[in-house]
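Asks: Got a file for you: target_29.cif, mmCIF, N, CA and C atoms and all ligand atoms.
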data_final
loop_
_atom_site.group_PDB
_atom_site.id
_atom_site.type_symbol
_atom_site.label_atom_id
_atom_site.label_comp_id
_atom_site.auth_asym_id
_atom_site.auth_seq_id
_atom_site.Cartn_x
_atom_site.Cartn_y
_atom_site.Cartn_z
ATOM 1 N N MET A 1 -32.058 -14.312 1.157
ATOM 2 C CA MET A 1 -30.731 -13.948 1.627
ATOM 3 C C MET A 1 -30.009 -13.172 0.528
ATOM 4 N N LYS A 2 -29.416 -12.064 0.911
ATOM 5 C CA LYS A 2 -28.704 -11.219 -0.040
ATOM 6 C C LYS A 2 -27.352 -11.847 -0.391
ATOM 7 N N LYS A 3 -27.070 -11.938 -1.680
ATOM 8 C CA LYS A 3 -25.786 -12.485 -2.124
ATOM 9 C C LYS A 3 -24.687 -11.446 -1.907
ATOM 10 N N GLN A 4 -23.590 -11.862 -1.309
ATOM 11 C CA GLN A 4 -22.486 -10.941 -1.040
ATOM 12 C C GLN A 4 -21.517 -10.911 -2.213
ATOM 13 N N LYS A 5 -20.997 -9.740 -2.485
ATOM 14 C CA LYS A 5 -20.028 -9.555 -3.554
ATOM 15 C C LYS A 5 -18.626 -9.882 -3.030
ATOM 16 N N ASN A 6 -17.861 -10.629 -3.799
ATOM 17 C CA ASN A 6 -16.482 -10.906 -3.418
ATOM 18 C C ASN A 6 -15.628 -9.662 -3.602
ATOM 19 N N VAL A 7 -14.756 -9.414 -2.657
ATOM 20 C CA VAL A 7 -13.820 -8.290 -2.730
ATOM 21 C C VAL A 7 -12.418 -8.874 -2.705
ATOM 22 N N PHE A 8 -11.634 -8.543 -3.715
ATOM 23 C CA PHE A 8 -10.259 -9.014 -3.777
ATOM 24 C C PHE A 8 -9.326 -7.849 -3.471
ATOM 25 N N ALA A 9 -8.333 -8.110 -2.619
ATOM 26 C CA ALA A 9 -7.455 -7.035 -2.168
ATOM 27 C C ALA A 9 -6.023 -7.533 -2.034
ATOM 28 N N ASP A 10 -5.096 -6.618 -2.252
ATOM 29 C CA ASP A 10 -3.692 -6.855 -1.925
ATOM 30 C C ASP A 10 -3.313 -5.771 -0.928
ATOM 31 N N LEU A 11 -2.988 -6.171 0.279
ATOM 32 C CA LEU A 11 -2.759 -5.206 1.349
ATOM 33 C C LEU A 11 -1.284 -5.054 1.714
ATOM 34 N N HIS A 12 -0.401 -5.481 0.799
ATOM 35 C CA HIS A 12 1.038 -5.359 1.055
ATOM 36 C C HIS A 12 1.754 -5.261 -0.283
ATOM 37 N N THR A 13 1.972 -4.025 -0.753
ATOM 38 C CA THR A 13 2.681 -3.825 -2.017
ATOM 39 C C THR A 13 3.736 -2.733 -1.845
ATOM 40 N N HIS A 14 4.750 -2.789 -2.699
ATOM 41 C CA HIS A 14 5.803 -1.773 -2.705
ATOM 42 C C HIS A 14 5.886 -1.150 -4.096
ATOM 43 N N SER A 15 6.035 0.166 -4.127
ATOM 44 C CA SER A 15 6.180 0.876 -5.401
ATOM 45 C C SER A 15 7.632 1.326 -5.560
ATOM 46 N N THR A 16 7.886 2.037 -6.647
ATOM 47 C CA THR A 16 9.235 2.583 -6.863
ATOM 48 C C THR A 16 9.600 3.660 -5.837
ATOM 49 N N ALA A 17 8.635 4.068 -5.006
ATOM 50 C CA ALA A 17 8.962 5.004 -3.925
ATOM 51 C C ALA A 17 9.912 4.336 -2.917
ATOM 52 N N SER A 18 9.914 2.982 -2.902
ATOM 53 C CA SER A 18 10.908 2.251 -2.089
ATOM 54 C C SER A 18 11.577 1.215 -2.989
ATOM 55 N N ASP A 19 11.325 -0.042 -2.784
ATOM 56 C CA ASP A 19 12.043 -1.062 -3.553
ATOM 57 C C ASP A 19 11.163 -1.824 -4.547
ATOM 58 N N GLY A 20 10.012 -1.272 -4.887
ATOM 59 C CA GLY A 20 9.130 -1.922 -5.849
ATOM 60 C C GLY A 20 9.574 -1.696 -7.283
ATOM 61 N N LEU A 21 9.016 -2.463 -8.188
ATOM 62 C CA LEU A 21 9.366 -2.365 -9.611
ATOM 63 C C LEU A 21 8.418 -1.462 -10.392
ATOM 64 N N LEU A 22 7.210 -1.246 -9.862
ATOM 65 C CA LEU A 22 6.204 -0.445 -10.556
ATOM 66 C C LEU A 22 6.029 0.895 -9.851
ATOM 67 N N THR A 23 5.734 1.933 -10.633
ATOM 68 C CA THR A 23 5.412 3.222 -10.026
ATOM 69 C C THR A 23 4.073 3.085 -9.295
ATOM 70 N N PRO A 24 3.740 4.031 -8.434
ATOM 71 C CA PRO A 24 2.432 3.966 -7.773
ATOM 72 C C PRO A 24 1.280 3.894 -8.784
ATOM 73 N N THR A 25 1.365 4.669 -9.848
ATOM 74 C CA THR A 25 0.316 4.633 -10.880
ATOM 75 C C THR A 25 0.256 3.257 -11.529
ATOM 76 N N GLN A 26 1.400 2.690 -11.861
ATOM 77 C CA GLN A 26 1.420 1.357 -12.475
ATOM 78 C C GLN A 26 0.872 0.288 -11.531
ATOM 79 N N LEU A 27 1.145 0.429 -10.239
ATOM 80 C CA LEU A 27 0.610 -0.533 -9.259
ATOM 81 C C LEU A 27 -0.915 -0.499 -9.249
ATOM 82 N N VAL A 28 -1.458 0.707 -9.237
ATOM 83 C CA VAL A 28 -2.923 0.856 -9.234
ATOM 84 C C VAL A 28 -3.503 0.282 -10.522
ATOM 85 N N GLU A 29 -2.876 0.597 -11.659
ATOM 86 C CA GLU A 29 -3.367 0.076 -12.945
ATOM 87 C C GLU A 29 -3.277 -1.449 -12.987
ATOM 88 N N SER A 30 -2.202 -2.004 -12.453
ATOM 89 C CA SER A 30 -2.042 -3.453 -12.416
ATOM 90 C C SER A 30 -3.110 -4.096 -11.524
ATOM 91 N N ALA A 31 -3.399 -3.471 -10.401
ATOM 92 C CA ALA A 31 -4.444 -3.983 -9.509
ATOM 93 C C ALA A 31 -5.790 -4.000 -10.211
ATOM 94 N N GLN A 32 -6.073 -2.938 -10.932
ATOM 95 C CA GLN A 32 -7.338 -2.856 -11.664
ATOM 96 C C GLN A 32 -7.410 -3.944 -12.736
ATOM 97 N N GLU A 33 -6.323 -4.140 -13.469
ATOM 98 C CA GLU A 33 -6.295 -5.161 -14.518
ATOM 99 C C GLU A 33 -6.499 -6.562 -13.948
ATOM 100 N N LYS A 34 -6.042 -6.785 -12.719
ATOM 101 C CA LYS A 34 -6.156 -8.105 -12.091
ATOM 102 C C LYS A 34 -7.489 -8.291 -11.369
ATOM 103 N N GLY A 35 -8.330 -7.252 -11.376
ATOM 104 C CA GLY A 35 -9.657 -7.377 -10.784
ATOM 105 C C GLY A 35 -9.725 -7.112 -9.298
ATOM 106 N N LEU A 36 -8.682 -6.482 -8.744
ATOM 107 C CA LEU A 36 -8.722 -6.149 -7.320
ATOM 108 C C LEU A 36 -9.640 -4.957 -7.092
ATOM 109 N N SER A 37 -10.266 -4.922 -5.942
ATOM 110 C CA SER A 37 -11.098 -3.779 -5.550
ATOM 111 C C SER A 37 -10.363 -2.864 -4.590
ATOM 112 N N VAL A 38 -9.431 -3.446 -3.837
ATOM 113 C CA VAL A 38 -8.734 -2.715 -2.776
ATOM 114 C C VAL A 38 -7.234 -2.966 -2.907
ATOM 115 N N LEU A 39 -6.452 -1.894 -2.765
ATOM 116 C CA LEU A 39 -4.996 -2.001 -2.835
ATOM 117 C C LEU A 39 -4.391 -1.150 -1.728
ATOM 118 N N ALA A 40 -3.471 -1.735 -0.980
ATOM 119 C CA ALA A 40 -2.690 -0.961 -0.008
ATOM 120 C C ALA A 40 -1.273 -0.835 -0.540
ATOM 121 N N ILE A 41 -0.758 0.376 -0.553
ATOM 122 C CA ILE A 41 0.653 0.585 -0.883
ATOM 123 C C ILE A 41 1.377 0.796 0.434
ATOM 124 N N THR A 42 2.345 -0.085 0.674
ATOM 125 C CA THR A 42 3.037 -0.110 1.969
ATOM 126 C C THR A 42 4.543 -0.064 1.737
ATOM 127 N N ASP A 43 5.004 1.048 1.173
ATOM 128 C CA ASP A 43 6.425 1.168 0.857
ATOM 129 C C ASP A 43 7.281 1.175 2.121
ATOM 130 N N HIS A 44 8.537 0.785 1.927
ATOM 131 C CA HIS A 44 9.495 0.779 3.034
ATOM 132 C C HIS A 44 9.817 2.208 3.469
ATOM 133 N N ASP A 45 9.469 2.534 4.686
ATOM 134 C CA ASP A 45 9.907 3.754 5.362
ATOM 135 C C ASP A 45 9.564 5.053 4.627
ATOM 136 N N THR A 46 8.532 5.024 3.791
ATOM 137 C CA THR A 46 8.132 6.256 3.097
ATOM 138 C C THR A 46 6.654 6.209 2.715
ATOM 139 N N VAL A 47 6.058 7.386 2.700
ATOM 140 C CA VAL A 47 4.708 7.528 2.155
ATOM 141 C C VAL A 47 4.779 8.353 0.867
ATOM 142 N N GLY A 48 5.987 8.432 0.306
ATOM 143 C CA GLY A 48 6.243 9.272 -0.851
ATOM 144 C C GLY A 48 5.453 8.929 -2.099
ATOM 145 N N GLY A 49 4.971 7.717 -2.235
ATOM 146 C CA GLY A 49 4.211 7.343 -3.418
ATOM 147 C C GLY A 49 2.708 7.475 -3.278
ATOM 148 N N LEU A 50 2.239 7.837 -2.096
ATOM 149 C CA LEU A 50 0.793 7.801 -1.853
ATOM 150 C C LEU A 50 0.014 8.870 -2.609
ATOM 151 N N ALA A 51 0.558 10.077 -2.725
ATOM 152 C CA ALA A 51 -0.179 11.137 -3.431
ATOM 153 C C ALA A 51 -0.440 10.711 -4.873
ATOM 154 N N GLU A 52 0.594 10.212 -5.544
ATOM 155 C CA GLU A 52 0.424 9.733 -6.928
ATOM 156 C C GLU A 52 -0.559 8.566 -6.967
ATOM 157 N N ALA A 53 -0.451 7.661 -6.010
ATOM 158 C CA ALA A 53 -1.329 6.489 -5.987
ATOM 159 C C ALA A 53 -2.788 6.887 -5.794
ATOM 160 N N PHE A 54 -3.039 7.856 -4.923
ATOM 161 C CA PHE A 54 -4.419 8.295 -4.712
ATOM 162 C C PHE A 54 -4.994 8.905 -5.975
ATOM 163 N N GLN A 55 -4.191 9.661 -6.697
ATOM 164 C CA GLN A 55 -4.677 10.246 -7.948
ATOM 165 C C GLN A 55 -5.018 9.152 -8.957
ATOM 166 N N ALA A 56 -4.155 8.143 -9.054
ATOM 167 C CA ALA A 56 -4.425 7.028 -9.966
ATOM 168 C C ALA A 56 -5.653 6.236 -9.510
ATOM 169 N N ALA A 57 -5.791 6.060 -8.210
ATOM 170 C CA ALA A 57 -6.928 5.305 -7.675
ATOM 171 C C ALA A 57 -8.245 6.031 -7.946
ATOM 172 N N GLN A 58 -8.239 7.344 -7.844
ATOM 173 C CA GLN A 58 -9.458 8.108 -8.125
ATOM 174 C C GLN A 58 -9.887 7.920 -9.570
ATOM 175 N N ARG A 59 -8.935 7.844 -10.470
ATOM 176 C CA ARG A 59 -9.256 7.650 -11.894
ATOM 177 C C ARG A 59 -9.760 6.234 -12.164
ATOM 178 N N SER A 60 -9.230 5.261 -11.424
ATOM 179 C CA SER A 60 -9.515 3.861 -11.737
ATOM 180 C C SER A 60 -10.683 3.263 -10.965
ATOM 181 N N GLY A 61 -11.042 3.868 -9.837
ATOM 182 C CA GLY A 61 -12.102 3.293 -9.024
ATOM 183 C C GLY A 61 -11.595 2.299 -7.989
ATOM 184 N N ILE A 62 -10.297 2.093 -7.921
ATOM 185 C CA ILE A 62 -9.708 1.219 -6.896
ATOM 186 C C ILE A 62 -9.756 1.935 -5.541
ATOM 187 N N LYS A 63 -10.109 1.203 -4.491
ATOM 188 C CA LYS A 63 -10.052 1.750 -3.135
ATOM 189 C C LYS A 63 -8.618 1.605 -2.653
ATOM 190 N N LEU A 64 -7.955 2.734 -2.410
ATOM 191 C CA LEU A 64 -6.560 2.707 -1.974
ATOM 192 C C LEU A 64 -6.479 2.852 -0.459
ATOM 193 N N VAL A 65 -5.742 1.949 0.159
ATOM 194 C CA VAL A 65 -5.509 2.000 1.597
ATOM 195 C C VAL A 65 -4.073 2.480 1.805
ATOM 196 N N PRO A 66 -3.881 3.633 2.438
ATOM 197 C CA PRO A 66 -2.519 4.120 2.651
ATOM 198 C C PRO A 66 -1.823 3.294 3.733
ATOM 199 N N GLY A 67 -0.562 2.962 3.470
ATOM 200 C CA GLY A 67 0.180 2.184 4.453
ATOM 201 C C GLY A 67 1.658 2.490 4.398
ATOM 202 N N ILE A 68 2.391 1.860 5.262
ATOM 203 C CA ILE A 68 3.844 2.008 5.310
ATOM 204 C C ILE A 68 4.423 0.752 5.978
ATOM 205 N N GLU A 69 5.626 0.373 5.585
ATOM 206 C CA GLU A 69 6.334 -0.734 6.228
ATOM 207 C C GLU A 69 7.578 -0.144 6.874
ATOM 208 N N LEU A 70 7.543 -0.036 8.179
ATOM 209 C CA LEU A 70 8.635 0.595 8.916
ATOM 210 C C LEU A 70 9.719 -0.419 9.248
ATOM 211 N N SER A 71 10.976 -0.033 9.013
ATOM 212 C CA SER A 71 12.107 -0.868 9.405
ATOM 213 C C SER A 71 12.399 -0.607 10.872
ATOM 214 N N CYS A 72 12.532 -1.684 11.629
ATOM 215 C CA CYS A 72 12.849 -1.565 13.051
ATOM 216 C C CYS A 72 14.364 -1.585 13.190
ATOM 217 N N VAL A 73 14.952 -0.522 13.698
ATOM 218 C CA VAL A 73 16.398 -0.374 13.746
ATOM 219 C C VAL A 73 17.022 -1.277 14.796
ATOM 220 N N ASP A 74 16.470 -1.307 15.981
ATOM 221 C CA ASP A 74 17.050 -2.089 17.069
ATOM 222 C C ASP A 74 16.267 -3.387 17.251
ATOM 223 N N CYS A 75 16.692 -4.418 16.495
ATOM 224 C CA CYS A 75 15.989 -5.689 16.544
ATOM 225 C C CYS A 75 16.123 -6.372 17.902
ATOM 226 N N SER A 76 17.158 -6.032 18.665
ATOM 227 C CA SER A 76 17.336 -6.698 19.958
ATOM 228 C C SER A 76 16.181 -6.392 20.897
ATOM 229 N N LEU A 77 15.561 -5.236 20.701
ATOM 230 C CA LEU A 77 14.412 -4.895 21.537
ATOM 231 C C LEU A 77 13.221 -5.795 21.253
ATOM 232 N N MET A 78 13.217 -6.397 20.078
ATOM 233 C CA MET A 78 12.099 -7.261 19.714
ATOM 234 C C MET A 78 12.521 -8.722 19.736
ATOM 235 N N ALA A 79 13.679 -9.021 20.336
ATOM 236 C CA ALA A 79 14.155 -10.396 20.469
ATOM 237 C C ALA A 79 14.221 -11.117 19.128
ATOM 238 N N ALA A 80 14.711 -10.420 18.123
ATOM 239 C CA ALA A 80 14.805 -11.034 16.793
ATOM 240 C C ALA A 80 16.225 -10.877 16.274
ATOM 241 N N SER A 81 16.708 -11.868 15.557
ATOM 242 C CA SER A 81 18.046 -11.778 14.995
ATOM 243 C C SER A 81 18.013 -11.324 13.537
ATOM 244 N N ALA A 82 16.901 -11.459 12.891
ATOM 245 C CA ALA A 82 16.749 -11.021 11.497
ATOM 246 C C ALA A 82 16.078 -9.647 11.485
ATOM 247 N N PRO A 83 16.224 -8.916 10.384
ATOM 248 C CA PRO A 83 15.544 -7.613 10.307
ATOM 249 C C PRO A 83 14.044 -7.757 10.546
ATOM 250 N N VAL A 84 13.502 -6.781 11.212
ATOM 251 C CA VAL A 84 12.071 -6.791 11.531
ATOM 252 C C VAL A 84 11.415 -5.588 10.870
ATOM 253 N N PHE A 85 10.266 -5.824 10.258
ATOM 254 C CA PHE A 85 9.516 -4.750 9.616
ATOM 255 C C PHE A 85 8.127 -4.702 10.227
ATOM 256 N N LEU A 86 7.644 -3.501 10.423
ATOM 257 C CA LEU A 86 6.323 -3.296 11.003
ATOM 258 C C LEU A 86 5.408 -2.737 9.920
ATOM 259 N N LEU A 87 4.398 -3.513 9.550
ATOM 260 C CA LEU A 87 3.473 -3.116 8.492
ATOM 261 C C LEU A 87 2.303 -2.370 9.124
ATOM 262 N N MET A 88 2.040 -1.155 8.628
ATOM 263 C CA MET A 88 0.994 -0.325 9.224
ATOM 264 C C MET A 88 0.052 0.194 8.149
ATOM 265 N N VAL A 89 -1.207 0.225 8.484
ATOM 266 C CA VAL A 89 -2.204 0.879 7.637
ATOM 267 C C VAL A 89 -2.471 2.240 8.259
ATOM 268 N N LEU A 90 -2.472 3.260 7.422
ATOM 269 C CA LEU A 90 -2.628 4.629 7.888
ATOM 270 C C LEU A 90 -4.065 5.097 7.677
ATOM 271 N N SER A 91 -4.378 6.224 8.227
ATOM 272 C CA SER A 91 -5.700 6.799 8.029
ATOM 273 C C SER A 91 -5.559 8.209 7.489
ATOM 274 N N ARG A 92 -6.689 8.837 7.247
ATOM 275 C CA ARG A 92 -6.731 10.222 6.785
ATOM 276 C C ARG A 92 -6.096 10.392 5.406
ATOM 277 N N GLN A 93 -6.794 9.904 4.430
ATOM 278 C CA GLN A 93 -6.344 9.935 3.042
ATOM 279 C C GLN A 93 -5.905 11.329 2.611
ATOM 280 N N ARG A 94 -6.598 12.353 3.020
ATOM 281 C CA ARG A 94 -6.337 13.687 2.480
ATOM 282 C C ARG A 94 -4.949 14.195 2.832
ATOM 283 N N ARG A 95 -4.283 13.644 3.826
ATOM 284 C CA ARG A 95 -2.944 14.097 4.181
ATOM 285 C C ARG A 95 -1.912 13.776 3.110
ATOM 286 N N TYR A 96 -2.214 12.838 2.234
ATOM 287 C CA TYR A 96 -1.241 12.421 1.224
ATOM 288 C C TYR A 96 -1.515 13.031 -0.132
ATOM 289 N N LEU A 97 -2.636 13.771 -0.212
ATOM 290 C CA LEU A 97 -2.966 14.425 -1.471
ATOM 291 C C LEU A 97 -2.294 15.775 -1.527
ATOM 292 N N ASN A 98 -1.898 16.173 -2.723
ATOM 293 C CA ASN A 98 -1.251 17.476 -2.881
ATOM 294 C C ASN A 98 -2.286 18.584 -2.864
HETATM 295 ZN ZN ZN A 101 7.003 -5.406 2.389
#
Using structure tokens, write down the structure from this file.
Ligand SMILES: [Zn+2]

Replies:
Amino acid sequence: MKKQKNVFADLHTHSTASDGLLTPTQLVESAQEKGLSVLAITDHDTVGGLAEAFQAAQRSGIKLVPGIELSCVDCSLMAASAPVFLLMVLSRQRRYLN
């Protein structure tokens, strides 16, 4: 039986492109230092940090999953009284590269 390799991932992070404390590059570097193989950057209502993150990920070997956390404006449509956020994973990496 083939031994499977463990993969560690964080699929919900925010960078300074929204309300995070680390730049996209710092997030990727931090993920690498912590031994993660996969990182998703899911900033609030923006994909503005993804181009920088992809460049950092290419240098580090981290698999970057592009994402976004959308704020839902009309919470009444979702029967919620608190703010609602929709977390999405995106596709087509090349769209975020310069
Ligand atoms: Zn979030």

Asks: Segment 33-46 of chain A: which residues within 9 Å, counting only C-alpha atoms, same-chain residues fewer than 4 positions away excluded, as number ranges by chain?

Replies: A: 7-20, 24, 27-29, 50, 53, 57, 61-71, 85, 87-89

Asks: Just N, CA and C atoms for this one: save the residues we selected as an mmCIF file, in the coordinates of the input.

Replies:
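Resulting contents of result.cif:
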data_model
loop_
_atom_site.group_PDB
_atom_site.id
_atom_site.type_symbol
_atom_site.label_atom_id
_atom_site.label_comp_id
_atom_site.auth_asym_id
_atom_site.auth_seq_id
_atom_site.Cartn_x
_atom_site.Cartn_y
_atom_site.Cartn_z
ATOM 1 N N VAL A 7 -14.756 -9.414 -2.657
ATOM 2 C CA VAL A 7 -13.820 -8.290 -2.730
ATOM 3 C C VAL A 7 -12.418 -8.874 -2.705
ATOM 4 N N PHE A 8 -11.634 -8.543 -3.715
ATOM 5 C CA PHE A 8 -10.259 -9.014 -3.777
ATOM 6 C C PHE A 8 -9.326 -7.849 -3.471
ATOM 7 N N ALA A 9 -8.333 -8.110 -2.619
ATOM 8 C CA ALA A 9 -7.455 -7.035 -2.168
ATOM 9 C C ALA A 9 -6.023 -7.533 -2.034
ATOM 10 N N ASP A 10 -5.096 -6.618 -2.252
ATOM 11 C CA ASP A 10 -3.692 -6.855 -1.925
ATOM 12 C C ASP A 10 -3.313 -5.771 -0.928
ATOM 13 N N LEU A 11 -2.988 -6.171 0.279
ATOM 14 C CA LEU A 11 -2.759 -5.206 1.349
ATOM 15 C C LEU A 11 -1.284 -5.054 1.714
ATOM 16 N N HIS A 12 -0.401 -5.481 0.799
ATOM 17 C CA HIS A 12 1.038 -5.359 1.055
ATOM 18 C C HIS A 12 1.754 -5.261 -0.283
ATOM 19 N N THR A 13 1.972 -4.025 -0.753
ATOM 20 C CA THR A 13 2.681 -3.825 -2.017
ATOM 21 C C THR A 13 3.736 -2.733 -1.845
ATOM 22 N N HIS A 14 4.750 -2.789 -2.699
ATOM 23 C CA HIS A 14 5.803 -1.773 -2.705
ATOM 24 C C HIS A 14 5.886 -1.150 -4.096
ATOM 25 N N SER A 15 6.035 0.166 -4.127
ATOM 26 C CA SER A 15 6.180 0.876 -5.401
ATOM 27 C C SER A 15 7.632 1.326 -5.560
ATOM 28 N N THR A 16 7.886 2.037 -6.647
ATOM 29 C CA THR A 16 9.235 2.583 -6.863
ATOM 30 C C THR A 16 9.600 3.660 -5.837
ATOM 31 N N ALA A 17 8.635 4.068 -5.006
ATOM 32 C CA ALA A 17 8.962 5.004 -3.925
ATOM 33 C C ALA A 17 9.912 4.336 -2.917
ATOM 34 N N SER A 18 9.914 2.982 -2.902
ATOM 35 C CA SER A 18 10.908 2.251 -2.089
ATOM 36 C C SER A 18 11.577 1.215 -2.989
ATOM 37 N N ASP A 19 11.325 -0.042 -2.784
ATOM 38 C CA ASP A 19 12.043 -1.062 -3.553
ATOM 39 C C ASP A 19 11.163 -1.824 -4.547
ATOM 40 N N GLY A 20 10.012 -1.272 -4.887
ATOM 41 C CA GLY A 20 9.130 -1.922 -5.849
ATOM 42 C C GLY A 20 9.574 -1.696 -7.283
ATOM 43 N N PRO A 24 3.740 4.031 -8.434
ATOM 44 C CA PRO A 24 2.432 3.966 -7.773
ATOM 45 C C PRO A 24 1.280 3.894 -8.784
ATOM 46 N N LEU A 27 1.145 0.429 -10.239
ATOM 47 C CA LEU A 27 0.610 -0.533 -9.259
ATOM 48 C C LEU A 27 -0.915 -0.499 -9.249
ATOM 49 N N VAL A 28 -1.458 0.707 -9.237
ATOM 50 C CA VAL A 28 -2.923 0.856 -9.234
ATOM 51 C C VAL A 28 -3.503 0.282 -10.522
ATOM 52 N N GLU A 29 -2.876 0.597 -11.659
ATOM 53 C CA GLU A 29 -3.367 0.076 -12.945
ATOM 54 C C GLU A 29 -3.277 -1.449 -12.987
ATOM 55 N N LEU A 50 2.239 7.837 -2.096
ATOM 56 C CA LEU A 50 0.793 7.801 -1.853
ATOM 57 C C LEU A 50 0.014 8.870 -2.609
ATOM 58 N N ALA A 53 -0.451 7.661 -6.010
ATOM 59 C CA ALA A 53 -1.329 6.489 -5.987
ATOM 60 C C ALA A 53 -2.788 6.887 -5.794
ATOM 61 N N ALA A 57 -5.791 6.060 -8.210
ATOM 62 C CA ALA A 57 -6.928 5.305 -7.675
ATOM 63 C C ALA A 57 -8.245 6.031 -7.946
ATOM 64 N N GLY A 61 -11.042 3.868 -9.837
ATOM 65 C CA GLY A 61 -12.102 3.293 -9.024
ATOM 66 C C GLY A 61 -11.595 2.299 -7.989
ATOM 67 N N ILE A 62 -10.297 2.093 -7.921
ATOM 68 C CA ILE A 62 -9.708 1.219 -6.896
ATOM 69 C C ILE A 62 -9.756 1.935 -5.541
ATOM 70 N N LYS A 63 -10.109 1.203 -4.491
ATOM 71 C CA LYS A 63 -10.052 1.750 -3.135
ATOM 72 C C LYS A 63 -8.618 1.605 -2.653
ATOM 73 N N LEU A 64 -7.955 2.734 -2.410
ATOM 74 C CA LEU A 64 -6.560 2.707 -1.974
ATOM 75 C C LEU A 64 -6.479 2.852 -0.459
ATOM 76 N N VAL A 65 -5.742 1.949 0.159
ATOM 77 C CA VAL A 65 -5.509 2.000 1.597
ATOM 78 C C VAL A 65 -4.073 2.480 1.805
ATOM 79 N N PRO A 66 -3.881 3.633 2.438
ATOM 80 C CA PRO A 66 -2.519 4.120 2.651
ATOM 81 C C PRO A 66 -1.823 3.294 3.733
ATOM 82 N N GLY A 67 -0.562 2.962 3.470
ATOM 83 C CA GLY A 67 0.180 2.184 4.453
ATOM 84 C C GLY A 67 1.658 2.490 4.398
ATOM 85 N N ILE A 68 2.391 1.860 5.262
ATOM 86 C CA ILE A 68 3.844 2.008 5.310
ATOM 87 C C ILE A 68 4.423 0.752 5.978
ATOM 88 N N GLU A 69 5.626 0.373 5.585
ATOM 89 C CA GLU A 69 6.334 -0.734 6.228
ATOM 90 C C GLU A 69 7.578 -0.144 6.874
ATOM 91 N N LEU A 70 7.543 -0.036 8.179
ATOM 92 C CA LEU A 70 8.635 0.595 8.916
ATOM 93 C C LEU A 70 9.719 -0.419 9.248
ATOM 94 N N SER A 71 10.976 -0.033 9.013
ATOM 95 C CA SER A 71 12.107 -0.868 9.405
ATOM 96 C C SER A 71 12.399 -0.607 10.872
ATOM 97 N N PHE A 85 10.266 -5.824 10.258
ATOM 98 C CA PHE A 85 9.516 -4.750 9.616
ATOM 99 C C PHE A 85 8.127 -4.702 10.227
ATOM 100 N N LEU A 87 4.398 -3.513 9.550
ATOM 101 C CA LEU A 87 3.473 -3.116 8.492
ATOM 102 C C LEU A 87 2.303 -2.370 9.124
ATOM 103 N N MET A 88 2.040 -1.155 8.628
ATOM 104 C CA MET A 88 0.994 -0.325 9.224
ATOM 105 C C MET A 88 0.052 0.194 8.149
ATOM 106 N N VAL A 89 -1.207 0.225 8.484
ATOM 107 C CA VAL A 89 -2.204 0.879 7.637
ATOM 108 C C VAL A 89 -2.471 2.240 8.259
#

Asks: Write out as a PyMOL selection string all residues of chain A that DSSP puts in helix (DSSP H, G or I) for this structure's backbone.

Replies: chain A and resi 24-33+50-60+75-78+93-96

Asks: Mind the document's chain letters and residue numbers, and return as a ChimeraX atom specification the residues of chain A that DSSP labels strand (DSSP E or B).

Replies: /A:9-13,38-41,44,63-72,84-89

Asks: Any idea what the distance is between atom CA of Phe54 of chain A and atom CA of Leu22 of chain A?

Replies: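 Rounded to one decimal, the two atoms are 14.9 Å apart.
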
Asks: Padding of 4 Å on every side, edges along x, y and z, all listed atoms of segment 38-49 of chain A included: what centre and edge lengths in Å, to one decimal, does that box have, as AutoDock Vina command-line options?

Replies:
--center_x 0.2 --center_y 2.9 --center_z 0.8 --size_x 27.3 --size_y 20.7 --size_z 17.2

Asks: For atom CA of Thr23 of chain A and atom CA of Pro83 of chain A, determine how far apart the two atoms are, in Å to one decimal place.

Replies: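 Atom CA of Pro83 of chain A lies at a distance of 25.2 Å from atom CA of Thr23 of chain A.
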
Asks: In Å, how far is it from atom CA of Gln55 of chain A to atom CA of Leu21 of chain A?

Replies: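 The value is 18.9 Å.
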
Asks: Would you save segment 20-44 of chain A to a file, keeping C-alpha atoms, as a PDB file, in the first residue's frame?

Replies:
ATOM      1  CA  GLY A  20      -5.720  41.334   6.941  1.00  0.00           C
ATOM      2  CA  LEU A  21      -2.528  42.246   8.781  1.00  0.00           C
ATOM      3  CA  LEU A  22      -0.055  40.680   6.331  1.00  0.00           C
ATOM      4  CA  THR A  23       0.585  41.585   2.708  1.00  0.00           C
ATOM      5  CA  PRO A  24      -0.145  38.846   0.162  1.00  0.00           C
ATOM      6  CA  THR A  25       3.597  38.113  -0.044  1.00  0.00           C
ATOM      7  CA  GLN A  26       3.883  37.917   3.748  1.00  0.00           C
ATOM      8  CA  LEU A  27       0.881  35.563   3.896  1.00  0.00           C
ATOM      9  CA  VAL A  28       2.506  33.199   1.411  1.00  0.00           C
ATOM     10  CA  GLU A  29       5.836  33.362   3.274  1.00  0.00           C
ATOM     11  CA  SER A  30       4.073  32.717   6.586  1.00  0.00           C
ATOM     12  CA  ALA A  31       2.255  29.719   5.103  1.00  0.00           C
ATOM     13  CA  GLN A  32       5.538  28.306   3.872  1.00  0.00           C
ATOM     14  CA  GLU A  33       7.194  28.816   7.270  1.00  0.00           C
ATOM     15  CA  LYS A  34       4.307  26.972   8.955  1.00  0.00           C
ATOM     16  CA  GLY A  35       4.621  24.014   6.580  1.00  0.00           C
ATOM     17  CA  LEU A  36       1.428  24.537   4.601  1.00  0.00           C
ATOM     18  CA  SER A  37       1.265  23.187   1.059  1.00  0.00           C
ATOM     19  CA  VAL A  38      -1.886  25.018  -0.006  1.00  0.00           C
ATOM     20  CA  LEU A  39      -3.091  28.544   0.765  1.00  0.00           C
ATOM     21  CA  ALA A  40      -6.273  30.301  -0.320  1.00  0.00           C
ATOM     22  CA  ILE A  41      -6.411  34.079  -0.108  1.00  0.00           C
ATOM     23  CA  THR A  42     -10.031  35.088   0.313  1.00  0.00           C
ATOM     24  CA  ASP A  43     -10.032  38.837   0.858  1.00  0.00           C
ATOM     25  CA  HIS A  44     -13.238  40.737   1.513  1.00  0.00           C
TER      26      HIS A  44
END
